[in-house]
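**Student:** Quick one, my_file_23.txt (compact mmCIF, C-alpha atoms):
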```txt
# COMPACT_ATOMS: atom_id res chain seq x y z
CA MET A 1 -11.17 21.38 -25.50
CA VAL A 2 -10.44 17.72 -26.35
CA GLU A 3 -8.60 15.79 -23.62
CA VAL A 4 -7.15 12.30 -23.97
CA GLY A 5 -6.05 10.63 -20.76
CA HIS A 6 -5.93 7.66 -18.47
CA GLY A 7 -4.92 7.05 -14.88
CA GLY A 8 -4.90 4.31 -12.31
CA ASN A 9 -3.26 2.83 -9.28
CA THR A 10 -2.12 -0.34 -7.67
CA ARG A 11 -0.78 -1.11 -4.22
CA GLY A 12 1.62 1.70 -3.46
CA PHE A 13 1.66 3.42 -6.85
CA THR A 14 -0.52 5.88 -8.77
CA ALA A 15 -0.14 7.16 -12.33
CA ASP A 16 -1.98 9.67 -14.48
CA MET A 17 -1.57 11.11 -17.95
CA PHE A 18 -3.50 13.45 -20.16
CA PHE A 19 -2.91 15.15 -23.46
CA LEU A 20 -4.51 18.18 -25.07
CA PRO A 21 -3.87 17.44 -28.76
CA GLU A 22 -5.18 20.82 -29.99
CA HIS A 23 -2.60 22.58 -27.84
CA ARG A 24 0.20 20.00 -28.32
CA VAL A 25 0.55 19.69 -24.53
CA GLY A 26 0.52 16.68 -22.25
CA MET A 27 1.47 15.48 -18.81
CA VAL A 28 2.50 12.14 -17.35
CA VAL A 29 2.99 11.74 -13.60
CA LEU A 30 4.08 8.56 -11.83
CA THR A 31 4.10 8.37 -8.03
CA ASN A 32 4.99 5.86 -5.36
CA LEU A 33 1.93 6.90 -3.38
CA ARG A 34 -1.16 4.78 -3.02
CA LEU A 35 -4.52 6.32 -3.83
CA ALA A 36 -2.96 9.59 -5.02
CA ASN A 37 -5.53 10.11 -7.81
CA GLN A 38 -6.84 13.36 -6.34
CA PHE A 39 -3.31 14.70 -5.84
CA LEU A 40 -2.49 13.96 -9.48
CA ALA A 41 -5.71 15.68 -10.55
CA SER A 42 -4.54 18.81 -8.71
CA VAL A 43 -1.14 18.60 -10.43
CA GLY A 44 -2.96 18.50 -13.77
CA GLN A 45 -5.12 21.44 -12.70
CA LYS A 46 -1.98 23.42 -11.79
CA LEU A 47 -0.61 22.77 -15.28
CA LEU A 48 -3.85 24.15 -16.76
CA ASP A 49 -3.67 27.14 -14.37
CA VAL A 50 -0.15 27.98 -15.55
CA LEU A 51 -0.55 27.28 -19.28
CA PHE A 52 -3.96 28.78 -19.87
CA GLY A 53 -4.42 31.28 -17.06
CA ALA A 54 -7.32 29.28 -15.67
CA GLU A 55 -8.80 30.16 -12.31
CA SER A 56 -6.39 28.76 -9.72
CA LYS A 57 -8.04 25.72 -8.12
CA ALA A 58 -4.98 23.54 -7.57
CA GLU A 59 -4.10 24.74 -4.06
CA THR A 60 -7.69 24.35 -2.86
CA MET A 61 -7.72 20.84 -4.33
CA VAL A 62 -4.43 19.90 -2.62
CA THR A 63 -5.65 21.22 0.75
CA ALA A 64 -8.91 19.24 0.53
CA ASP A 65 -7.09 16.12 -0.68
CA LYS A 66 -4.55 16.31 2.15
CA LYS A 67 -7.32 16.57 4.72
CA ALA A 68 -9.14 13.59 3.19
CA LEU A 69 -5.91 11.56 3.19
CA ASP A 70 -5.14 12.54 6.79
CA ASP A 71 -8.67 11.54 7.85
CA ALA A 72 -8.40 8.19 6.04
CA THR A 73 -4.96 7.56 7.56
CA GLU A 74 -6.33 8.24 11.05
CA LEU A 75 -9.14 5.72 10.50
CA VAL A 76 -6.56 3.12 9.44
CA ARG A 77 -4.43 3.89 12.51
CA GLN A 78 -7.45 3.30 14.74
CA ARG A 79 -8.07 -0.13 13.19
CA ILE A 80 -4.46 -1.34 13.06
CA LYS A 81 -2.74 -2.16 16.34
CA THR A 82 1.04 -2.24 16.70
CA ASP A 83 1.47 -2.57 20.46
CA GLY A 84 3.18 -5.68 21.88
CA GLY A 85 0.03 -7.03 23.50
CA SER A 86 -1.97 -6.91 20.29
CA THR A 87 0.76 -8.27 18.02
CA ALA A 88 2.20 -11.03 20.26
CA TRP A 89 0.41 -13.77 18.30
CA ILE A 90 2.46 -12.91 15.18
CA SER A 91 5.29 -14.90 16.84
CA ASP A 92 3.46 -18.05 15.66
CA TYR A 93 4.16 -16.90 12.10
CA THR A 94 7.84 -15.95 12.34
CA GLY A 95 10.11 -17.64 9.86
CA ARG A 96 10.95 -17.76 6.18
CA TYR A 97 8.24 -17.97 3.50
CA SER A 98 8.36 -18.31 -0.25
CA SER A 99 6.03 -17.24 -3.06
CA GLU A 100 6.49 -18.45 -6.64
CA ALA A 101 5.52 -15.03 -7.97
CA LEU A 102 7.06 -12.69 -5.37
CA GLY A 103 10.07 -14.57 -3.99
CA SER A 104 10.98 -14.85 -0.35
CA ALA A 105 9.62 -13.18 2.77
CA TYR A 106 11.03 -13.41 6.28
CA ILE A 107 8.98 -12.51 9.37
CA THR A 108 11.10 -11.70 12.42
CA GLN A 109 10.64 -10.29 15.88
CA VAL A 110 12.87 -7.47 17.11
CA GLY A 111 12.11 -6.73 20.75
CA LYS A 112 8.32 -6.51 20.94
CA GLU A 113 7.95 -5.46 17.29
CA PHE A 114 7.58 -7.64 14.22
CA GLN A 115 8.77 -6.96 10.71
CA ILE A 116 8.72 -8.63 7.33
CA GLU A 117 11.54 -8.51 4.81
CA PHE A 118 10.93 -9.12 1.13
CA GLU A 119 13.54 -9.21 -1.62
CA SER A 120 12.35 -5.72 -2.63
CA GLY A 121 11.93 -4.07 0.78
CA SER A 122 10.66 -4.42 4.31
CA SER A 123 7.85 -3.27 6.57
CA ARG A 124 6.96 -3.17 10.23
CA LEU A 125 3.93 -5.30 11.06
CA GLY A 126 0.71 -4.62 12.92
CA VAL A 127 -2.57 -6.48 13.24
CA GLU A 128 -6.18 -5.87 12.38
CA GLN A 129 -8.87 -7.87 14.13
CA SER A 130 -12.59 -7.96 13.51
CA GLY A 131 -14.48 -10.52 15.55
CA ASP A 132 -12.75 -13.86 15.02
CA SER A 133 -10.92 -12.65 11.91
CA ARG A 134 -7.26 -11.64 12.28
CA GLN A 135 -4.86 -10.27 9.70
CA ILE A 136 -1.22 -9.25 9.73
CA VAL A 137 -0.84 -5.76 8.24
CA LEU A 138 2.24 -4.18 6.66
CA THR A 139 2.40 -0.73 8.27
CA THR A 140 5.40 0.93 6.62
CA PRO A 141 4.45 3.26 3.73
CA PRO A 142 3.52 2.88 0.98
CA TRP A 143 1.97 -0.36 2.23
CA THR A 144 -1.23 -1.10 4.06
CA THR A 145 -1.21 -4.53 2.56
CA LYS A 146 -2.63 -7.39 4.58
CA LEU A 147 -1.35 -10.92 5.02
CA GLN A 148 -4.43 -13.06 5.35
CA LEU A 149 -4.30 -16.12 7.54
CA THR A 150 -5.48 -19.43 6.10
CA ASP A 151 -6.62 -22.75 7.54
CA ASP A 152 -3.01 -23.91 7.05
CA PRO A 153 -0.76 -22.13 9.61
CA ASN A 154 2.15 -22.47 7.16
CA THR A 155 0.42 -20.47 4.41
CA LEU A 156 -0.23 -16.72 4.23
CA LEU A 157 -2.01 -14.88 1.42
CA LEU A 158 -1.00 -11.41 0.30
CA ASP A 159 -3.91 -9.62 -1.37
CA GLY A 160 -2.48 -7.79 -4.38
CA GLY A 161 -5.86 -6.50 -5.56
CA GLN A 162 -6.41 -8.46 -8.75
CA THR A 163 -4.15 -11.32 -7.63
CA LYS A 164 -3.69 -13.10 -4.32
CA TYR A 165 -0.14 -14.29 -3.74
CA GLN A 166 0.48 -17.38 -1.65
CA PHE A 167 3.44 -17.46 0.74
CA VAL A 168 4.32 -20.91 2.09
CA ARG A 169 6.56 -21.36 5.14
CA VAL A 170 9.95 -22.83 4.26
CA PRO A 171 10.93 -25.58 6.71
CA GLU A 172 13.99 -24.76 8.79
CA LYS A 173 17.06 -26.84 8.09
CA HIS A 174 18.41 -28.52 11.20
CA SER A 175 22.06 -29.46 11.26
```
How would this structure read if it were set down as structure tokens?
**Tutor:**
Amino acid sequence: MVEVGHGGNTRGFTADMFFLPEHRVGMVVLTNLRLANQFLASVGQKLLDVLFGAESKAETMVTADKKALDDATELVRQRIKTDGGSTAWISDYTGRYSSEALGSAYITQVGKEFQIEFESGSSRLGVEQSGDSRQIVLTTPPWTTKLQLTDDPNTLLLDGGQTKYQFVRVPEKHS
């Protein structure tokens, strides 16, 4: 059976498509889930199960994929701290930032928690530390994006995978 397909993902999104030209059947699935490749493979398998009476593997695939995702999520939760004591240093970075490519971002503190607001959404913030290295981490799904600190305390880098986006602090206007 000839299959033509392609899939991929980026921060917060996964897509997959395949076509079976001999059978004039195809599938395209777009998700707002990061690293959902295995889930999309099980969706494709379910389509094959239904259309061609193949041995049902989709549910087994979904169960295994969910466990793997839960395990990976737990490892991330262990590395990322969100408690007030661990995140207090983010207060040095509160304020408005701007990126030529992504627009504005505003880091604020609400009680003991920190959050970032972009033009397209917002996220609670946590921190990840390894030795002397510290990073601010977006913790609200679908993000686990990190804001990397630079030598300049007024500049943060957002790692977009293939591109790093620079956010520069916008000076406050005093009246």
**Student:** Find the residues near Leu125 of chain A: any atom within 6 Å, counting all atoms listed in the file, skip ones fewer than 2 places away on the same chain, and give them as a VMD selection string.
**Tutor:** chain A and resid 114 to 115 137 to 139
**Student:** Could you tell me which of A:Leu149, A:Ile107, A:Leu156, A:Met27 comes closest to Ala15 of chain A if we count all atoms listed in the file?
**Tutor:**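 Looking at the shortest contact to Ala15 of chain A, the residue is A:Met27.
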**Student:** Val43 of chain A: which residues within 9 Å, counting only C-alpha atoms, same-chain residues fewer than 4 positions away excluded, as an MDAnalysis selection string?
**Tutor:** chainID A and resid 29 38:39 47:48 58 62
**Student:** Within 7 Å of Ile116 of chain A, counting all atoms listed in the file, which residues show up once you throw out same-chain ones fewer than 5 positions away? Write them as number ranges by chain, please.
**Tutor:** A: 105-108, 122-125
**Student:** Pick from A:Thr140, A:Ser91, A:Gln166, A:Thr60: nearest to Asp152 of chain A, with all atoms listed in the file counted?
**Tutor:**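 Distance minimum relative to Asp152 of chain A lands on A:Gln166.
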**Student:** Do you know which residues are at most 12 Å from segment 71-84 of chain A counting only C-alpha atoms, after dropping those on the same chain fewer than 6 positions away, and could you put them as a PyMOL selection string?
**Tutor:** chain A and resi 34-35+64-65+90-91+109-115+124-130+134-146
**Student:** When you look at Ala101 of chain A with a cut-off of 12 Å (counting all atoms listed in the file), what residues show up, excluding the ones that are within fewer than 5 positions of it in the same chain? I need them as an MDAnalysis selection string.
**Tutor:** chainID A and resid 119 158 160 163:168
**Student:** Expressed in Å to a single decimal, how great is the separation between atom CA of Gln45 of chain A and atom CA of Pro21 of chain A?
**Tutor:**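 Atom CA of Gln45 of chain A sits 16.6 Å away from atom CA of Pro21 of chain A.
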**Student:** Report, in Å to a single decimal, how far apart atom CA of Leu33 of chain A and atom CA of Ala54 of chain A are.
**Tutor:**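 Separating atom CA of Ala54 of chain A from atom CA of Leu33 of chain A is a distance of 27.2 Å.
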**Student:** Can you report as lines of an AutoDock Vina configuration file the centre and edge lengths in Å, to one decimal, of an axis-aligned box around the listed atoms of segment 74-88 of chain A padded with 6 Å on each side?
**Tutor:**
```
center_x = -3.0
center_y = -1.4
center_z = 16.5
size_x = 24.3
size_y = 31.3
size_z = 26.1
```
**Student:** What is the distance, in Å and to one decimal place, between atom CA of Val4 of chain A and atom CA of Phe18 of chain A?
**Tutor:**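 Going from atom CA of Val4 of chain A over to atom CA of Phe18 of chain A, I get 5.4 Å.
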